[in-house]
Every structure is written in structure tokens, then in C-alpha cells.
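Since the structure comes first, as C-alpha cells, the remarks are kept for the end.
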Amino acid sequence: MYCGCKYISGSASTSLNPELQGDSESLGSVRSEVLPMASTSNKQVVAIAGAGDTAKYLVEELEKDSNYDIHLISRAERPWFNRPSISLHLTDYSESSLLSILNTTGATILFSFIHSNDHFYNDTHLAMLAACANSMACKRLVPSEYGGDLVNHADKPRMYIPTHGKIRRALREHKAKGGPVEWTLVNQGWFMDYFVPLEKRYFKSLGPVWPLDTDAWEAHLPGTGEEQIGWTAGRDVARALLRLIQVPYREWPEEVYLQGDVGTWHQALTWAEEFYAASQVYQDIVEYHDDPDNVPKLLKAYMDEWNFSGASANPREIVEEQREQLFPGLLFHTVKEIMEIGKRTGHI
Ligand SMILES: NC(=O)c1ccc[n+]([C@@H]2O[C@H](COP(=O)([O-])OP(=O)(O)OC[C@H]3O[C@@H](n4cnc5c(N)ncnc54)[C@H](OP(=O)(O)O)[C@@H]3O)[C@@H](O)[C@H]2O)c1
């Protein structure tokens, strides 16, 4: 099998989740190819779990810094990640598979970008926490949160209560018991990348969950359009993650809050109108509740609630305080700036 990345190790166990069978062929074909791979350089070994959209920004930012070896953990080969800077490790996200990868690579930090609205999220993160705890060197874990204000809106979006609740509790218990793994939940509000056309960003379309349709240039606003909303560029989040690597062990806050811009959807639409001549279409949240068995509608209603409750706007004092303490000198772009960059350049 061709792979532009440095090597592939297949340390997955044989009991694959049936949902993942689509990926099992490529996994099976390399499963026996376990190569010894202790880090041969003085570089810090960074492990990334989940070869998705946000992970691309972190990979690109890590590549700009010669101090890091990048090890990607995924269920299958993903074309974009097939690059010389990346060592790929196929997994089924079981604890034993993850532990083997962490120990053979010598990873010291694990960033998860797993995106799942079912039990896969808790399952994989619980395995990551256990694997880090039992590993020789991986004592830092950044779970895949990337939401909004957990100080005032810990219950939103509501679908996260069953999907994220268990691992959040496990992380807190781990800390309370003096466990060895330091963790932090990174939250940036909305990724503002969705203001930029699809072909110029890494984030796939969110469909109706994102209020502004960048194909039709119409907006379906949740709430009154006057509630506070927070946005941050995906690349700025990645840059902040690099800074977090450099923060001394045991100095991470439990929650990190980032925010490139804050405003209302009405304001944001004015900015977008200036750029793209978008029109506004208003829609009342109430109509989502007339069909309670419709899961996509329910998820959309939960995400709308995340918008109009102000949960995407991070606590301003914490954002500012952490910016000073953890991210001095780091530029966080505004929505207008990111649209401008999108217009000027091929990609944000
Ligand atoms: N606030 C916002 O605006 C916003 C927007 C988007 C995402 N997010 C959050 O950011 C994080 C990363 O999201 P992303 O968009 O970068 O992720 P993504 O590209 O959708 O997926 C990341 C990885 O998650 C795994 N995955 C995806 N769908 C799955 C499924 N149905 N079942 C099991 N595993 C699945 C895959 O891992 P493998 O590589 O192993 O296949 C995939 O590479 C998530 O926590 C997400 O909720 C926030």
C-alpha cells in the first residue's frame, strides 16, 4: 500500500466496531505491519487522534515548527493526511491499541479531534484517558470539545449531555484522585471559518446548523438575532493549541476559552452582506418542536438553543485573562478579517 507518510503501524485489536467496518479493509491490510518507532530525534512527539477538519489546521501549524514529530491516529488512511510530516497509526480506538501507539511513538501529548454524536465519543475518550494514564510518557490530553461557554452553559448543546458527560466526569474524577494525566477542555465558540466559502476552508458544511447558507447566501436566524455569539478562526485555535504545548506541565486551566470575535447574528449578517450581498430570512425556533421524533430537527433545535442562549459566546473576562497568561502576542482574527483573508487568498 502506498503511503506518503513516514510509516504505518497497525496496532488495532481484531474486534472492530461494526459501524467502522467500512474502514476495516485498509486496517486489516496493514495490521501485521507493526514497526518499532521510538522517537529518534529530540523533537517532542505530538499525537493527534481523528483525521478530520480541525486536525488539518493543527497539522499545518505543527509543520511550521521544527520542534515537533506528528503522529496521526485514525481508523483509516485519509488522503489529505498522507504527507511526509505525518506518521500514521491505524487504530480501532481501543485502550490497548492506543496504549501501544503512545508507547511505541513516545508521545507526550494527545490531541483528540473525534467528532461523534453517539457513544463513540465517550468510548474513545475514556480509552484515550486510560491509555495516557498507563502510558510511559503521554501525560497530557486535550479532548475534542471545541464548543462554547461551559461556565454558564454546561448543559448546552443538550445532545452533549449523553455524548460528552461521561468523559467530562471521568476527567474530573481523574484529577480529583491525583491522576497523572493533565487535561484541558478548549472552547472557542463557533469556528468562524464558515463565513468563508467551502472551497477556501477545511471545515465541511454544517448544513442548516450554521445559520448562514453560503451557497444561497440566506440566513435562518435562531432566536432574535440579538444574542451574543462568539467566533474564532480554526487556524487561530490551532495556533493556541501549539502555545498550550509550551505551557509547563500542571499549569493548564481545566477550561481554555478562546474568542476571535463576539457580536450578534444581526451584526454578523451585516458584515456578510457587505462582503457577499447576502439576504436575510428569519425563522422561528418554535417550529422545530412540532416534530419531536425528527432527530435532525431536534439536533438543529439544540444547536439553535446553543446560539440564542449565548452559550457560544465565551466568558469575556476569562478569555481576556487567559489571552494574557497563555497566549501573549497571539493574533486572534475577527470575522471581517477572516472573510477578507478568504477573499484575498486561496485558503484560510
Ligand atoms: N464550534 C464549532 O463551530 C464546531 C464546528 C465543527 C466541529 N466542532 C467540534 O470540533 C471537533 C472536531 O470536529 P471536526 O469537524 O474537525 O471533525 P470531523 O472532521 O467531522 O471528524 C473528526 C474525526 O472524528 C471521527 N469521526 C467523524 N465522524 C464520526 C462518526 N460518525 N463516528 C465515529 N467517528 C467519527 C473520525 O476519526 P477517524 O480519523 O478515526 O476516522 C474523524 O476523522 C469536534 O469535537 C466537533 O464537535 C465544533
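By order of appearance in the C-alpha cells: chains A, B, ..., then residues from 1 within every chain, and ligands from 1 in the order shown.
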Report task. For ligand 1, list the contacting residues at 8 Å or closer, counting only C-alpha atoms and all ligand atoms, as a PyMOL selection string. Result -> chain A and resi 19-20+49-56+73-78+91-93+112-118+120-121+143-148+187-192+203-204+206+231+312
Output the selection as a compact mmCIF listing (two decimals), in the first residue's frame - N, CA and C atoms for each residue.
# COMPACT_ATOMS: atom_id res chain seq x y z
N GLU A 19 -19.81 -0.49 13.19
CA GLU A 19 -20.02 0.78 12.48
C GLU A 19 -18.78 1.17 11.67
N LEU A 20 -17.64 0.60 12.04
CA LEU A 20 -16.39 1.01 11.41
C LEU A 20 -15.96 0.04 10.33
N ALA A 49 -5.48 12.33 17.47
CA ALA A 49 -6.47 11.28 17.22
C ALA A 49 -7.65 11.85 16.45
N GLY A 50 -7.95 11.29 15.29
CA GLY A 50 -9.07 11.77 14.47
C GLY A 50 -8.57 12.63 13.33
N ALA A 51 -8.60 12.07 12.12
CA ALA A 51 -8.06 12.77 10.95
C ALA A 51 -9.17 13.58 10.30
N GLY A 52 -9.59 14.63 10.96
CA GLY A 52 -10.71 15.40 10.45
C GLY A 52 -10.32 16.83 10.10
N ASP A 53 -11.33 17.69 10.03
CA ASP A 53 -11.13 19.06 9.54
C ASP A 53 -10.26 19.91 10.47
N THR A 54 -10.61 19.93 11.75
CA THR A 54 -9.85 20.76 12.70
C THR A 54 -8.41 20.27 12.79
N ALA A 55 -8.23 18.96 12.72
CA ALA A 55 -6.88 18.39 12.81
C ALA A 55 -5.96 18.92 11.71
N LYS A 56 -6.53 19.26 10.55
CA LYS A 56 -5.70 19.76 9.45
C LYS A 56 -5.01 21.06 9.82
N ILE A 73 -3.36 9.35 14.62
CA ILE A 73 -4.07 8.13 14.98
C ILE A 73 -5.45 8.19 14.34
N SER A 74 -5.75 7.20 13.49
CA SER A 74 -7.03 7.24 12.76
C SER A 74 -7.48 5.82 12.46
N ARG A 75 -8.77 5.69 12.09
CA ARG A 75 -9.28 4.36 11.76
C ARG A 75 -8.89 3.93 10.36
N ALA A 76 -8.46 4.88 9.55
CA ALA A 76 -8.14 4.55 8.16
C ALA A 76 -7.20 5.61 7.59
N GLU A 77 -6.60 5.30 6.45
CA GLU A 77 -5.80 6.31 5.75
C GLU A 77 -6.73 7.39 5.25
N ARG A 78 -6.36 8.63 5.44
CA ARG A 78 -7.15 9.75 4.93
C ARG A 78 -6.26 10.55 3.97
N THR A 91 -5.93 2.48 14.04
CA THR A 91 -6.43 2.06 15.35
C THR A 91 -7.91 1.75 15.29
N ASP A 92 -8.41 1.06 16.30
CA ASP A 92 -9.85 0.96 16.49
C ASP A 92 -10.26 1.75 17.74
N TYR A 93 -9.33 2.55 18.24
CA TYR A 93 -9.55 3.39 19.43
C TYR A 93 -9.82 2.57 20.69
N SER A 112 -7.22 15.12 20.76
CA SER A 112 -8.29 14.40 20.09
C SER A 112 -9.15 15.38 19.29
N PHE A 113 -9.52 14.93 18.08
CA PHE A 113 -10.46 15.70 17.26
C PHE A 113 -11.63 14.82 16.84
N ILE A 114 -11.90 13.80 17.67
CA ILE A 114 -13.02 12.90 17.37
C ILE A 114 -14.32 13.69 17.36
N HIS A 115 -15.11 13.44 16.36
CA HIS A 115 -16.40 14.13 16.19
C HIS A 115 -17.48 13.06 16.12
N SER A 116 -18.30 12.99 17.13
CA SER A 116 -19.33 11.95 17.12
C SER A 116 -20.49 12.38 18.00
N ASN A 117 -21.69 12.13 17.53
CA ASN A 117 -22.88 12.45 18.31
C ASN A 117 -23.47 11.22 18.97
N ASP A 118 -22.67 10.17 19.14
CA ASP A 118 -23.19 8.99 19.84
C ASP A 118 -22.14 8.49 20.85
N PHE A 120 -19.71 6.67 20.66
CA PHE A 120 -18.32 6.60 20.18
C PHE A 120 -17.46 7.68 20.83
N TYR A 121 -18.08 8.84 21.08
CA TYR A 121 -17.33 9.95 21.68
C TYR A 121 -16.83 9.60 23.08
N PRO A 143 -9.08 16.68 25.04
CA PRO A 143 -10.22 16.01 24.41
C PRO A 143 -10.84 16.90 23.33
N SER A 144 -11.67 16.29 22.51
CA SER A 144 -12.27 17.01 21.40
C SER A 144 -13.53 17.74 21.86
N GLU A 145 -13.35 18.90 22.47
CA GLU A 145 -14.51 19.69 22.90
C GLU A 145 -14.84 20.72 21.83
N TYR A 146 -14.13 21.84 21.84
CA TYR A 146 -14.27 22.87 20.81
C TYR A 146 -15.69 23.41 20.69
N GLY A 147 -16.30 23.63 21.85
CA GLY A 147 -17.63 24.24 21.90
C GLY A 147 -17.54 25.64 22.48
N GLY A 148 -18.47 25.93 23.40
CA GLY A 148 -18.55 27.29 23.93
C GLY A 148 -18.43 27.35 25.43
N ASN A 187 -12.33 25.62 24.29
CA ASN A 187 -13.60 26.10 23.73
C ASN A 187 -13.40 27.45 23.04
N GLN A 188 -13.93 27.58 21.84
CA GLN A 188 -13.71 28.78 21.04
C GLN A 188 -15.00 29.36 20.47
N GLY A 189 -16.16 28.81 20.92
CA GLY A 189 -17.43 29.26 20.30
C GLY A 189 -17.55 28.66 18.92
N TRP A 190 -18.21 29.36 18.02
CA TRP A 190 -18.28 28.90 16.63
C TRP A 190 -16.92 29.03 15.96
N PHE A 191 -16.58 28.07 15.10
CA PHE A 191 -15.47 28.32 14.19
C PHE A 191 -15.96 29.35 13.18
N MET A 192 -15.22 30.45 13.01
CA MET A 192 -15.69 31.50 12.10
C MET A 192 -15.41 31.15 10.63
N PHE A 203 -13.22 23.18 6.94
CA PHE A 203 -14.44 22.68 7.56
C PHE A 203 -15.51 22.36 6.53
N LYS A 204 -16.03 21.13 6.62
CA LYS A 204 -17.13 20.74 5.74
C LYS A 204 -18.38 21.52 6.13
N LEU A 206 -21.91 22.46 7.60
CA LEU A 206 -22.71 22.01 8.74
C LEU A 206 -24.19 21.92 8.39
N TRP A 231 -17.09 33.76 17.93
CA TRP A 231 -16.49 33.08 16.77
C TRP A 231 -14.97 33.14 16.88
N SER A 312 -22.50 30.18 22.92
CA SER A 312 -21.32 30.18 22.04
C SER A 312 -20.39 31.35 22.34
Query raised in the report: If you count only C-alpha atoms, which residues fall within 9 Å of Glu182 (chain A), apart from same-chain ones fewer than 3 positions away, as a list in words?
Result: Lys139, Arg140, Leu141, Val142, Leu171, Lys175, Gly179, Tyr249, Arg250, Glu251, Trp252 and Glu254 of chain A
Query raised in the report: Do you have the CA of Lys166 (chain A)-CA of Asn152 (chain A) distance handy?
Result: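 CA of Asn152 (chain A) lies at a distance of 19.1 Å from CA of Lys166 (chain A).
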Query - Minimum-distance residue to Phe332 (chain A), chosen among A:Leu212, A:Asp193, A:Glu95, A:Ala240 (using only C-alpha atoms) - result: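 Checking each of A:Leu212, A:Asp193, A:Glu95, A:Ala240 against Phe332 (chain A), counting only C-alpha atoms, the winner is A:Ala240.
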